[in-house]
Each structure stands twice: as structure tokens, then as C-alpha cells.
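model12.txt (compact mmCIF, N, CA and C atoms) appears below.
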# COMPACT_ATOMS: atom_id res chain seq x y z
N MET A 1 31.46 -40.54 -14.57
CA MET A 1 30.91 -40.04 -13.33
C MET A 1 29.70 -39.13 -13.60
N LEU A 2 29.80 -38.35 -14.67
CA LEU A 2 28.70 -37.45 -15.01
C LEU A 2 27.44 -38.24 -15.39
N VAL A 3 27.61 -39.30 -16.15
CA VAL A 3 26.47 -40.14 -16.54
C VAL A 3 25.86 -40.81 -15.32
N ILE A 4 26.71 -41.33 -14.44
CA ILE A 4 26.21 -41.97 -13.22
C ILE A 4 25.46 -40.96 -12.36
N GLY A 5 26.01 -39.76 -12.23
CA GLY A 5 25.34 -38.71 -11.47
C GLY A 5 23.99 -38.33 -12.06
N THR A 6 23.93 -38.27 -13.38
CA THR A 6 22.67 -37.97 -14.06
C THR A 6 21.64 -39.06 -13.82
N ILE A 7 22.08 -40.31 -13.89
CA ILE A 7 21.16 -41.43 -13.64
C ILE A 7 20.63 -41.40 -12.20
N ILE A 8 21.51 -41.15 -11.25
CA ILE A 8 21.09 -41.08 -9.85
C ILE A 8 20.12 -39.92 -9.64
N SER A 9 20.44 -38.76 -10.22
CA SER A 9 19.54 -37.60 -10.08
C SER A 9 18.18 -37.88 -10.69
N THR A 10 18.17 -38.53 -11.83
CA THR A 10 16.91 -38.86 -12.49
C THR A 10 16.10 -39.83 -11.65
N ALA A 11 16.76 -40.78 -11.03
CA ALA A 11 16.07 -41.78 -10.21
C ALA A 11 15.43 -41.16 -8.98
N PHE A 12 16.07 -40.14 -8.40
CA PHE A 12 15.56 -39.55 -7.17
C PHE A 12 14.73 -38.29 -7.39
N ALA A 13 14.62 -37.80 -8.61
CA ALA A 13 13.90 -36.55 -8.86
C ALA A 13 12.41 -36.67 -8.58
N ASN A 14 11.79 -37.73 -9.07
CA ASN A 14 10.34 -37.88 -8.89
C ASN A 14 9.97 -38.10 -7.42
N PRO A 15 10.66 -38.97 -6.67
CA PRO A 15 10.33 -39.09 -5.24
C PRO A 15 10.54 -37.78 -4.47
N LEU A 16 11.58 -37.03 -4.83
CA LEU A 16 11.80 -35.75 -4.17
C LEU A 16 10.67 -34.78 -4.46
N LYS A 17 10.23 -34.74 -5.71
CA LYS A 17 9.11 -33.87 -6.09
C LYS A 17 7.86 -34.25 -5.31
N ASP A 18 7.58 -35.55 -5.23
CA ASP A 18 6.41 -36.01 -4.48
C ASP A 18 6.52 -35.65 -3.00
N THR A 19 7.71 -35.77 -2.44
CA THR A 19 7.92 -35.43 -1.04
C THR A 19 7.71 -33.94 -0.80
N VAL A 20 8.22 -33.11 -1.68
CA VAL A 20 8.03 -31.66 -1.54
C VAL A 20 6.54 -31.31 -1.62
N ILE A 21 5.82 -31.90 -2.56
CA ILE A 21 4.39 -31.62 -2.70
C ILE A 21 3.62 -32.09 -1.47
N ASN A 22 3.92 -33.29 -0.99
CA ASN A 22 3.24 -33.80 0.21
C ASN A 22 3.56 -32.95 1.44
N PHE A 23 4.82 -32.58 1.61
CA PHE A 23 5.21 -31.73 2.74
C PHE A 23 4.53 -30.38 2.65
N SER A 24 4.45 -29.84 1.44
CA SER A 24 3.79 -28.56 1.22
C SER A 24 2.31 -28.64 1.58
N ASN A 25 1.65 -29.70 1.16
CA ASN A 25 0.22 -29.86 1.47
C ASN A 25 -0.02 -30.02 2.96
N GLU A 26 0.83 -30.78 3.64
CA GLU A 26 0.65 -31.03 5.07
C GLU A 26 0.94 -29.81 5.93
N THR A 27 1.92 -29.01 5.54
CA THR A 27 2.32 -27.86 6.35
C THR A 27 1.71 -26.55 5.86
N THR A 28 1.02 -26.56 4.75
CA THR A 28 0.45 -25.36 4.09
C THR A 28 1.53 -24.31 3.77
N ILE A 29 2.76 -24.77 3.62
CA ILE A 29 3.84 -23.90 3.15
C ILE A 29 3.88 -24.04 1.64
N PRO A 30 3.92 -22.93 0.90
CA PRO A 30 3.94 -23.04 -0.57
C PRO A 30 5.10 -23.89 -1.06
N SER A 31 4.84 -24.75 -2.04
CA SER A 31 5.88 -25.63 -2.58
C SER A 31 7.01 -24.82 -3.21
N PHE A 32 6.70 -23.64 -3.74
CA PHE A 32 7.73 -22.76 -4.29
C PHE A 32 8.75 -22.41 -3.22
N PHE A 33 8.27 -22.05 -2.03
CA PHE A 33 9.17 -21.70 -0.92
C PHE A 33 10.04 -22.88 -0.52
N ILE A 34 9.43 -24.05 -0.44
CA ILE A 34 10.19 -25.25 -0.06
C ILE A 34 11.25 -25.55 -1.12
N SER A 35 10.87 -25.49 -2.39
CA SER A 35 11.79 -25.85 -3.48
C SER A 35 12.93 -24.86 -3.65
N PHE A 36 12.63 -23.56 -3.53
CA PHE A 36 13.63 -22.56 -3.86
C PHE A 36 14.27 -21.87 -2.66
N VAL A 37 13.77 -22.16 -1.45
CA VAL A 37 14.37 -21.56 -0.25
C VAL A 37 14.84 -22.65 0.72
N ALA A 38 13.92 -23.49 1.17
CA ALA A 38 14.25 -24.47 2.21
C ALA A 38 15.24 -25.54 1.73
N LEU A 39 14.98 -26.14 0.56
CA LEU A 39 15.89 -27.18 0.06
C LEU A 39 17.29 -26.65 -0.24
N PRO A 40 17.44 -25.51 -0.93
CA PRO A 40 18.80 -25.00 -1.13
C PRO A 40 19.51 -24.67 0.18
N LEU A 41 18.78 -24.13 1.16
CA LEU A 41 19.40 -23.87 2.46
C LEU A 41 19.87 -25.16 3.12
N ALA A 42 19.04 -26.17 3.04
CA ALA A 42 19.39 -27.46 3.66
C ALA A 42 20.60 -28.08 2.96
N THR A 43 20.67 -27.99 1.65
CA THR A 43 21.79 -28.60 0.94
C THR A 43 23.08 -27.80 1.10
N LYS A 44 22.98 -26.53 1.38
CA LYS A 44 24.16 -25.69 1.55
C LYS A 44 24.58 -25.55 3.02
N LEU A 45 23.89 -26.23 3.91
CA LEU A 45 24.19 -26.13 5.33
C LEU A 45 25.63 -26.54 5.63
N SER A 46 26.14 -27.52 4.91
CA SER A 46 27.53 -27.95 5.13
C SER A 46 28.53 -26.86 4.74
N ASP A 47 28.14 -25.95 3.86
CA ASP A 47 29.00 -24.82 3.52
C ASP A 47 28.86 -23.68 4.52
N VAL A 48 27.66 -23.51 5.05
CA VAL A 48 27.37 -22.38 5.92
C VAL A 48 27.98 -22.55 7.31
N ILE A 49 27.96 -23.76 7.84
CA ILE A 49 28.46 -23.98 9.21
C ILE A 49 29.93 -23.59 9.35
N PRO A 50 30.84 -24.03 8.47
CA PRO A 50 32.23 -23.56 8.60
C PRO A 50 32.36 -22.05 8.45
N ILE A 51 31.54 -21.47 7.59
CA ILE A 51 31.58 -20.01 7.41
C ILE A 51 31.20 -19.32 8.71
N LEU A 52 30.15 -19.80 9.37
CA LEU A 52 29.72 -19.19 10.62
C LEU A 52 30.74 -19.40 11.73
N ILE A 53 31.39 -20.54 11.76
CA ILE A 53 32.44 -20.78 12.76
C ILE A 53 33.59 -19.81 12.54
N TYR A 54 33.97 -19.62 11.29
CA TYR A 54 35.04 -18.67 10.98
C TYR A 54 34.61 -17.24 11.35
N ALA A 55 33.34 -16.92 11.15
CA ALA A 55 32.84 -15.57 11.46
C ALA A 55 32.82 -15.31 12.95
N SER A 56 32.77 -16.35 13.75
CA SER A 56 32.70 -16.16 15.21
C SER A 56 34.00 -15.59 15.77
N ARG A 57 35.04 -15.52 14.98
CA ARG A 57 36.31 -14.93 15.43
C ARG A 57 36.18 -13.42 15.64
N LYS A 58 35.19 -12.81 15.04
CA LYS A 58 34.81 -11.41 15.24
C LYS A 58 35.92 -10.40 14.94
N SER A 59 36.72 -10.69 13.95
CA SER A 59 37.67 -9.68 13.49
C SER A 59 37.11 -9.08 12.20
N ALA A 60 37.63 -7.92 11.84
CA ALA A 60 37.15 -7.25 10.62
C ALA A 60 37.43 -8.12 9.39
N GLU A 61 38.60 -8.76 9.37
CA GLU A 61 38.95 -9.59 8.22
C GLU A 61 38.04 -10.81 8.13
N SER A 62 37.79 -11.48 9.26
CA SER A 62 36.96 -12.68 9.21
C SER A 62 35.52 -12.33 8.84
N THR A 63 35.02 -11.20 9.31
CA THR A 63 33.67 -10.78 8.94
C THR A 63 33.58 -10.48 7.45
N SER A 64 34.57 -9.77 6.95
CA SER A 64 34.59 -9.43 5.52
C SER A 64 34.67 -10.69 4.67
N LEU A 65 35.52 -11.62 5.05
CA LEU A 65 35.66 -12.85 4.28
C LEU A 65 34.42 -13.73 4.40
N THR A 66 33.75 -13.67 5.53
CA THR A 66 32.51 -14.43 5.71
C THR A 66 31.44 -13.92 4.76
N PHE A 67 31.27 -12.61 4.69
CA PHE A 67 30.30 -12.04 3.75
C PHE A 67 30.68 -12.36 2.31
N ASN A 68 31.96 -12.31 2.01
CA ASN A 68 32.43 -12.62 0.68
C ASN A 68 32.03 -14.06 0.30
N GLU A 69 32.26 -15.00 1.20
CA GLU A 69 31.93 -16.40 0.94
C GLU A 69 30.43 -16.60 0.80
N LEU A 70 29.66 -15.94 1.65
CA LEU A 70 28.19 -16.04 1.55
C LEU A 70 27.69 -15.46 0.23
N TYR A 71 28.20 -14.30 -0.16
CA TYR A 71 27.80 -13.70 -1.43
C TYR A 71 28.14 -14.61 -2.59
N ARG A 72 29.34 -15.19 -2.56
CA ARG A 72 29.77 -16.09 -3.63
C ARG A 72 28.86 -17.30 -3.72
N THR A 73 28.54 -17.87 -2.57
CA THR A 73 27.70 -19.06 -2.54
C THR A 73 26.31 -18.75 -3.08
N VAL A 74 25.74 -17.63 -2.67
CA VAL A 74 24.41 -17.24 -3.15
C VAL A 74 24.43 -17.01 -4.65
N SER A 75 25.45 -16.31 -5.13
CA SER A 75 25.53 -16.01 -6.56
C SER A 75 25.67 -17.28 -7.40
N VAL A 76 26.56 -18.16 -7.00
CA VAL A 76 26.77 -19.40 -7.76
C VAL A 76 25.50 -20.25 -7.74
N ASN A 77 24.88 -20.37 -6.58
CA ASN A 77 23.66 -21.17 -6.46
C ASN A 77 22.55 -20.60 -7.35
N ASN A 78 22.36 -19.30 -7.33
CA ASN A 78 21.31 -18.68 -8.15
C ASN A 78 21.59 -18.83 -9.64
N VAL A 79 22.83 -18.67 -10.04
CA VAL A 79 23.16 -18.79 -11.46
C VAL A 79 22.92 -20.22 -11.94
N ILE A 80 23.30 -21.20 -11.14
CA ILE A 80 23.09 -22.60 -11.52
C ILE A 80 21.60 -22.90 -11.63
N GLN A 81 20.83 -22.49 -10.62
CA GLN A 81 19.39 -22.77 -10.65
C GLN A 81 18.71 -22.04 -11.79
N LEU A 82 19.09 -20.81 -12.04
CA LEU A 82 18.49 -20.06 -13.13
C LEU A 82 18.84 -20.69 -14.48
N SER A 83 20.06 -21.17 -14.63
CA SER A 83 20.46 -21.82 -15.88
C SER A 83 19.65 -23.08 -16.14
N VAL A 84 19.46 -23.88 -15.10
CA VAL A 84 18.66 -25.10 -15.25
C VAL A 84 17.22 -24.74 -15.61
N PHE A 85 16.66 -23.75 -14.93
CA PHE A 85 15.29 -23.32 -15.18
C PHE A 85 15.13 -22.84 -16.63
N LEU A 86 16.04 -21.99 -17.08
CA LEU A 86 15.95 -21.47 -18.45
C LEU A 86 16.14 -22.58 -19.48
N ALA A 87 17.02 -23.53 -19.18
CA ALA A 87 17.22 -24.66 -20.10
C ALA A 87 15.95 -25.50 -20.22
N VAL A 88 15.27 -25.75 -19.11
CA VAL A 88 14.03 -26.52 -19.15
C VAL A 88 12.97 -25.78 -19.96
N VAL A 89 12.84 -24.48 -19.74
CA VAL A 89 11.85 -23.69 -20.49
C VAL A 89 12.17 -23.74 -21.98
N TYR A 90 13.43 -23.60 -22.34
CA TYR A 90 13.82 -23.59 -23.75
C TYR A 90 13.65 -24.97 -24.39
N ILE A 91 14.17 -26.01 -23.73
CA ILE A 91 14.14 -27.35 -24.31
C ILE A 91 12.71 -27.86 -24.48
N ARG A 92 11.88 -27.59 -23.52
CA ARG A 92 10.50 -28.08 -23.59
C ARG A 92 9.57 -27.14 -24.37
N GLY A 93 10.08 -25.99 -24.76
CA GLY A 93 9.28 -25.04 -25.53
C GLY A 93 8.11 -24.49 -24.73
N LEU A 94 8.32 -24.27 -23.45
CA LEU A 94 7.24 -23.77 -22.59
C LEU A 94 6.96 -22.30 -22.86
N ARG A 95 5.75 -21.90 -22.56
CA ARG A 95 5.37 -20.50 -22.73
C ARG A 95 6.07 -19.67 -21.66
N TRP A 96 6.61 -18.53 -22.05
CA TRP A 96 7.39 -17.69 -21.14
C TRP A 96 6.48 -16.77 -20.36
N GLU A 97 6.41 -16.99 -19.03
CA GLU A 97 5.61 -16.13 -18.15
C GLU A 97 6.39 -15.76 -16.90
N PHE A 98 7.70 -15.71 -17.00
CA PHE A 98 8.51 -15.58 -15.80
C PHE A 98 9.44 -14.37 -15.84
N SER A 99 9.11 -13.35 -16.59
CA SER A 99 10.01 -12.22 -16.75
C SER A 99 10.35 -11.54 -15.43
N SER A 100 9.38 -11.26 -14.59
CA SER A 100 9.67 -10.55 -13.34
C SER A 100 10.49 -11.41 -12.40
N GLU A 101 10.19 -12.70 -12.32
CA GLU A 101 10.94 -13.59 -11.43
C GLU A 101 12.39 -13.70 -11.87
N VAL A 102 12.59 -13.88 -13.17
CA VAL A 102 13.96 -14.01 -13.69
C VAL A 102 14.71 -12.70 -13.52
N LEU A 103 14.05 -11.59 -13.72
CA LEU A 103 14.69 -10.29 -13.55
C LEU A 103 15.16 -10.10 -12.10
N VAL A 104 14.33 -10.48 -11.15
CA VAL A 104 14.71 -10.36 -9.74
C VAL A 104 15.92 -11.25 -9.44
N ILE A 105 15.93 -12.47 -9.94
CA ILE A 105 17.06 -13.37 -9.71
C ILE A 105 18.33 -12.81 -10.35
N LEU A 106 18.21 -12.28 -11.56
CA LEU A 106 19.38 -11.70 -12.22
C LEU A 106 19.92 -10.49 -11.44
N ILE A 107 19.03 -9.65 -10.94
CA ILE A 107 19.46 -8.49 -10.15
C ILE A 107 20.19 -8.95 -8.89
N VAL A 108 19.62 -9.94 -8.21
CA VAL A 108 20.27 -10.47 -7.00
C VAL A 108 21.64 -11.05 -7.34
N CYS A 109 21.74 -11.80 -8.43
CA CYS A 109 23.02 -12.38 -8.83
C CYS A 109 24.06 -11.30 -9.11
N VAL A 110 23.67 -10.26 -9.83
CA VAL A 110 24.61 -9.21 -10.18
C VAL A 110 25.04 -8.44 -8.93
N VAL A 111 24.10 -8.08 -8.07
CA VAL A 111 24.44 -7.32 -6.87
C VAL A 111 25.30 -8.14 -5.92
N MET A 112 24.88 -9.37 -5.63
CA MET A 112 25.64 -10.22 -4.72
C MET A 112 26.99 -10.58 -5.31
N GLY A 113 27.04 -10.86 -6.59
CA GLY A 113 28.31 -11.13 -7.25
C GLY A 113 29.24 -9.93 -7.21
N GLY A 114 28.68 -8.74 -7.34
CA GLY A 114 29.47 -7.51 -7.25
C GLY A 114 30.09 -7.34 -5.87
N PHE A 115 29.31 -7.66 -4.83
CA PHE A 115 29.85 -7.59 -3.47
C PHE A 115 30.97 -8.61 -3.29
N ALA A 116 30.79 -9.80 -3.81
CA ALA A 116 31.79 -10.85 -3.64
C ALA A 116 33.08 -10.52 -4.37
N VAL A 117 32.98 -9.89 -5.53
CA VAL A 117 34.16 -9.54 -6.30
C VAL A 117 34.91 -8.37 -5.67
N SER A 118 34.17 -7.46 -5.00
CA SER A 118 34.80 -6.25 -4.46
C SER A 118 35.64 -6.51 -3.21
N VAL A 119 35.49 -7.70 -2.59
CA VAL A 119 36.25 -8.01 -1.38
C VAL A 119 37.46 -8.84 -1.78
N PRO A 120 38.67 -8.38 -1.42
CA PRO A 120 39.86 -9.16 -1.80
C PRO A 120 39.94 -10.46 -1.03
N PRO A 121 40.49 -11.51 -1.65
CA PRO A 121 40.60 -12.80 -0.97
C PRO A 121 41.61 -12.75 0.17
N SER A 122 41.50 -13.68 1.07
CA SER A 122 42.39 -13.77 2.21
C SER A 122 43.80 -14.18 1.75
N PRO A 123 44.85 -13.55 2.32
CA PRO A 123 46.20 -13.94 1.94
C PRO A 123 46.53 -15.37 2.36
N SER A 124 45.87 -15.86 3.40
CA SER A 124 46.15 -17.21 3.88
C SER A 124 45.40 -18.26 3.09
N GLY A 125 44.41 -17.84 2.29
CA GLY A 125 43.66 -18.78 1.47
C GLY A 125 42.47 -19.38 2.18
N HIS A 126 42.20 -19.01 3.42
CA HIS A 126 41.04 -19.52 4.15
C HIS A 126 39.84 -18.65 3.87
N PRO A 127 38.62 -19.21 4.00
CA PRO A 127 37.39 -18.43 3.74
C PRO A 127 37.21 -17.33 4.73
Output the file's structure in the form of C-alpha cells.
Amino acid sequence: MLVIGTIISTAFANPLKDTVINFSNETTIPSFFISFVALPLATKLSDVIPILIYASRKSAESTSLTFNELYRTVSVNNVIQLSVFLAVVYIRGLRWEFSSEVLVILIVCVVMGGFAVSVPPSPSGHP
């Protein structure tokens, strides 16, 4: 399954890159914003909608658990993206010019992860 997933990802990577560049040029929105903000939000929308529905209950517990789930999602997403980015830089032997960007991502991961860890999980097991 991992090999099949890798093949599918490789097949769709170039068309996705071209689409992001074309969309960026047409809308004058920076491709960085589209790649690192808009696309992750769009792909995580299926996770966010149930979280927001649960949050609409407006109890202290549901609000706390909603923030916990959001913090966890942000932290995991950032760690995965940062790992892939660092692996590409290392494997390809690229020149390192990203210290401030990586530092900001690491700070966000640590802070958001700290918030997620500090909230106890729900006894019922729901988000």
C-alpha cells in the first residue's frame, strides 16, 4: 500500500505543482500562501467540520476538547510538513537559507503541542 501510495503521489505531484503556480499567477496570491496555507486547510476540512459541529454544543468541556483537537491537528500537520521539507533539503544537498522560517514553525509546533498535551482527553473518547 505504501508503494502504491508513493506512485500515486508521484504521478499527481507535478500537475498539482503546475496548478498551484497557475492559480497563483492568475489570482496574484503568493504560491507560498497557497501551498502552505490554502492547500493544508482544504485537505484538513474533513477534520475541521466535525470539530466545529462538536464545538457548537457550547459547553466548557466541548470547547476545551475542540481546542485540544485543533492544536493536535496543527502540530501533527506542521511536524509532518517540516520533516518532509528538511528531508528534501538534506537529500538534495540544497543550500540552507531557511533558519528563521524553520524556527517559527518549530516554535509553533512546540507551543501548540504544549497546549494539546495540557488538556486531558475526554472520558467518553469523543473529540
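One distance worth recording is that between CA of Val79 (chain A) and CA of Cys109 (chain A), which is 6.9 Å.
Residues within 12 Å of region 19-36 of chain A, counting only C-alpha atoms and excluding same-chain residues fewer than 3 positions away, are Phe12, Ala13, Asn14, Pro15, Leu16, Leu39, Pro40, Leu41, Ala42, Thr43, Asn77, Asn78, Gln81, Leu82, Phe85 and Ile105 of chain A.
Between atom N of Ala87 (chain A) and atom N of Val108 (chain A) lies a distance of 17.7 Å.
From CA of Val102 (chain A) back to CA of Ala38 (chain A), the distance works out to 19.0 Å.
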Met112 (chain A) surroundings by only C-alpha atoms, 12 Å radius, close-in-sequence under 2 positions cut, as a PyMOL selection string = chain A and resi 67-79+105-110+114-119
Can you sort out the box for region 13-25 of chain A, edges along x, y and z, all listed atoms in, 3 Å on every side, with centre and edge lengths in Å to one decimal, as AutoDock Vina command-line options?
--center_x 7.3 --center_y -33.8 --center_z -3.1 --size_x 20.6 --size_y 16.5 --size_z 18.0
Where does DSSP see helix (DSSP H, G or I) in chain A, if you list the residues as a ChimeraX atom specification?
-> /A:2-27,31-43,45-55,60-92,99-118
